[in-house]
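Right, one structure below, let's go through it.
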Amino acid sequence: MNVSLSTTVASIELENCIYNASGPRTGSSAAMSKIAKSASGAVLAKSATLNSQTGNPLPRTWHSPEASVKASLNSEGLPNSGIEYYIKETTIAEVMGDSGKPYMVSISGKTLEENIVMLTQIFEQKQNGANIAAVELNLACPNIIGKPIIGFDFPQMEQVLDVVSKLYKEQKGATVPLGVKMPPYFDTPHFETAATILNKYKDCIKYVASINTVGNALAVDFHAEMPVIASKGGFAGLSGPAVKHTALANVHKMRHYLDPSIDVVGVGGISSGQDAFEMILVGASAIQVGTCHWIEGPKCFERISQELKDIMKKKKYSSINDFKGKLKEWSKEGASLSRMARAEAKANAKAAVTSSSGDNSTMERGFNKQSLVTNLLLIFVAALLVNEKYETFTTPTGDDIYFVISIVLFCVCITLLRS
Ligand code: RRO
């Protein structure tokens, strides 16, 4: 069965719906070229400011040492090489080579004016023929010292989108499709309000990426009795599998409330084919991978894609459209189907373990049976020899019987020792 992971986001065709999130390993052309060479469906650059900056003081990243927790923190503070670097032709050529994949940029201006200047520069480069497929306006960076998250401040968010959409409308030449990166929301009225504002600008916004990191999380260094992150009193953006369920909820709610013309890109805690499958099921048209890419490197795109393809084959889905946004309602029938599937999977896993670790014991059992047969044959031959020795098969004497019994006992002992 042929399985395709192709999709479109903002009418841009992606051969693989899985690609990188802006952030880790996306600051330089050298790092991004590795993404272009991987199985990633596109390359998305680090959020840029107008001018290059070094970001927050170190230490500014942390991965939970407890394997079961799977949480990461960052307070990078937008270290980047400035917008010019990410949109100039030499950078794009170094990154993309002849991969033929879409190249996308991200902007996170320190002010609204900065965002407008950067957008204008992006449009100019596009009009000069630069290969920029989309621009993602980041309204959700949690790590700018002294500034709140724009996506949590609805009037400010509306003001930003208002000015940006006017800029798009005023453009005479080519523009670049606009995506918006959103923070996570946690309550129905907030999902609804955010989506209502985004829908107001549906002529301009082509996709929404949900979610950025969960802002203002804190990890404590137990031994030193201090935060693990240096800046902002240790407050930082939380990511990794710990945020997957918040991301699923946000993608699901965004898909529900957003105008159908706006695609939803799922991001947050995706590290396996099953995670990606779930994201698509709740309505994502594509998936960005951030923390897993940070930890595992660009080879994660091949692994996650292959895992997703295997799941699709098992479920007999040939394209992501076969299950995109088709999350069913909870039902008793579904729950019992799930119980049976999980029991079967458990039994299969147990059988696999038994047959792999049991290979030896099976061999041993075979060997023992074999040796038992061999020894019985030996006994038989020995008995024949005894009879041969005494040239009679009739009425053996007491000595003969003791002799045969000794041989039998000897063979039984050998059999027991060998097993
Ligand atoms: O650079 C960062 O600190 C950063 C950004 Br711009 C963002 O959007 N999300 C995040 O967790 N960190």
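All residue names refer to the structure tokens as shown: chains lettered A, B, ... in order, residues numbered from 1 in each chain, ligands numbered from 1 in order.
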Q | Expected selection as a VMD selection string for ligand 1 within 9 Å, only C-alpha atoms and all ligand atoms | A | chain A and resid 22 to 24 46 to 48 55 to 56 60 73 to 80 107 to 108 138 to 144 181 183 212 to 215 236 to 239
Q: Find the spatial neighbours of A:Thr7, counting only C-alpha atoms, within a cut-off of 12 Å - ignore same-chain residues fewer than 2 positions away - and output them as a VMD selection string.
A: chain A and resid 4 to 5 9 to 19 41 to 42 263 to 265 280 284 to 287 319 to 322 324
Q. Of the residues A:Met96, A:Ala21, A:Ile132, A:Leu161, which is the one nearest to A:Ile270, using only C-alpha atoms?
A.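 Looking at the shortest contact to A:Ile270, the residue is A:Ala21.
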**Q.** Residue contacts of A:Leu44 (10 Å, only C-alpha atoms) excluding same-chain residues fewer than 3 positions away, as number ranges by chain
**A.** A: 19-23, 26-27, 32, 35-36, 41, 47, 102-106, 133-136, 288
**Q.** Residues near A:Gly233, cut-off 10 Å, only C-alpha atoms, skip fewer than 5 positions along chain, as a ChimeraX atom specification
**A.** /A:216,218,226-228
Write out, as a PDB file, in the first residue's frame, the residues just selected, with C-alpha atoms.
ATOM      1  CA  ASN A 216       6.793  31.109  32.518  1.00  0.00           C
ATOM      2  CA  LEU A 218      10.143  27.212  36.534  1.00  0.00           C
ATOM      3  CA  MET A 226      17.983  28.204  43.013  1.00  0.00           C
ATOM      4  CA  PRO A 227      16.377  28.278  39.540  1.00  0.00           C
ATOM      5  CA  VAL A 228      18.143  26.309  36.779  1.00  0.00           C
TER       6      VAL A 228
END
Q: Rounded to one decimal place, report the atom CA of A:Val117-atom CA of A:Ala45 distance in Å.
A: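 If I compute the distance from atom CA of A:Val117 to atom CA of A:Ala45, I get 17.9 Å.
Atom pair atom CA of A:Arg339 / atom CA of A:Leu308: separated by 21.9 Å.
Take atom CA of A:Ala30 and atom CA of A:Ala93: the distance between them is 11.0 Å.
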**Q.** Contacts of A:Thr91 within 10 Å, only C-alpha atoms, excl. fewer than 6 positions in-chain, as a ChimeraX atom specification
**A.** /A:28-30,32-33,84-85,97
I'd like the contact shell of A:Phe186 - 9 Å cut-off, only C-alpha atoms, skipping same-chain residues fewer than 4 positions apart - returned as a PDB file with C-alpha atoms, in the first residue's frame.
ATOM      1  CA  HIS A 190      -9.694  32.175  25.405  1.00  0.00           C
ATOM      2  CA  PHE A 191      -9.585  29.718  22.489  1.00  0.00           C
ATOM      3  CA  THR A 246      -1.914  21.079  25.816  1.00  0.00           C
ATOM      4  CA  ALA A 249      -6.151  20.593  22.845  1.00  0.00           C
ATOM      5  CA  ASN A 250      -5.111  23.900  21.270  1.00  0.00           C
TER       6      ASN A 250
END
Q.
I need the residues in stretch 128-198 of chain A that are helix (DSSP H, G or I) according to DSSP; give them as a count of residues only.
A. 31
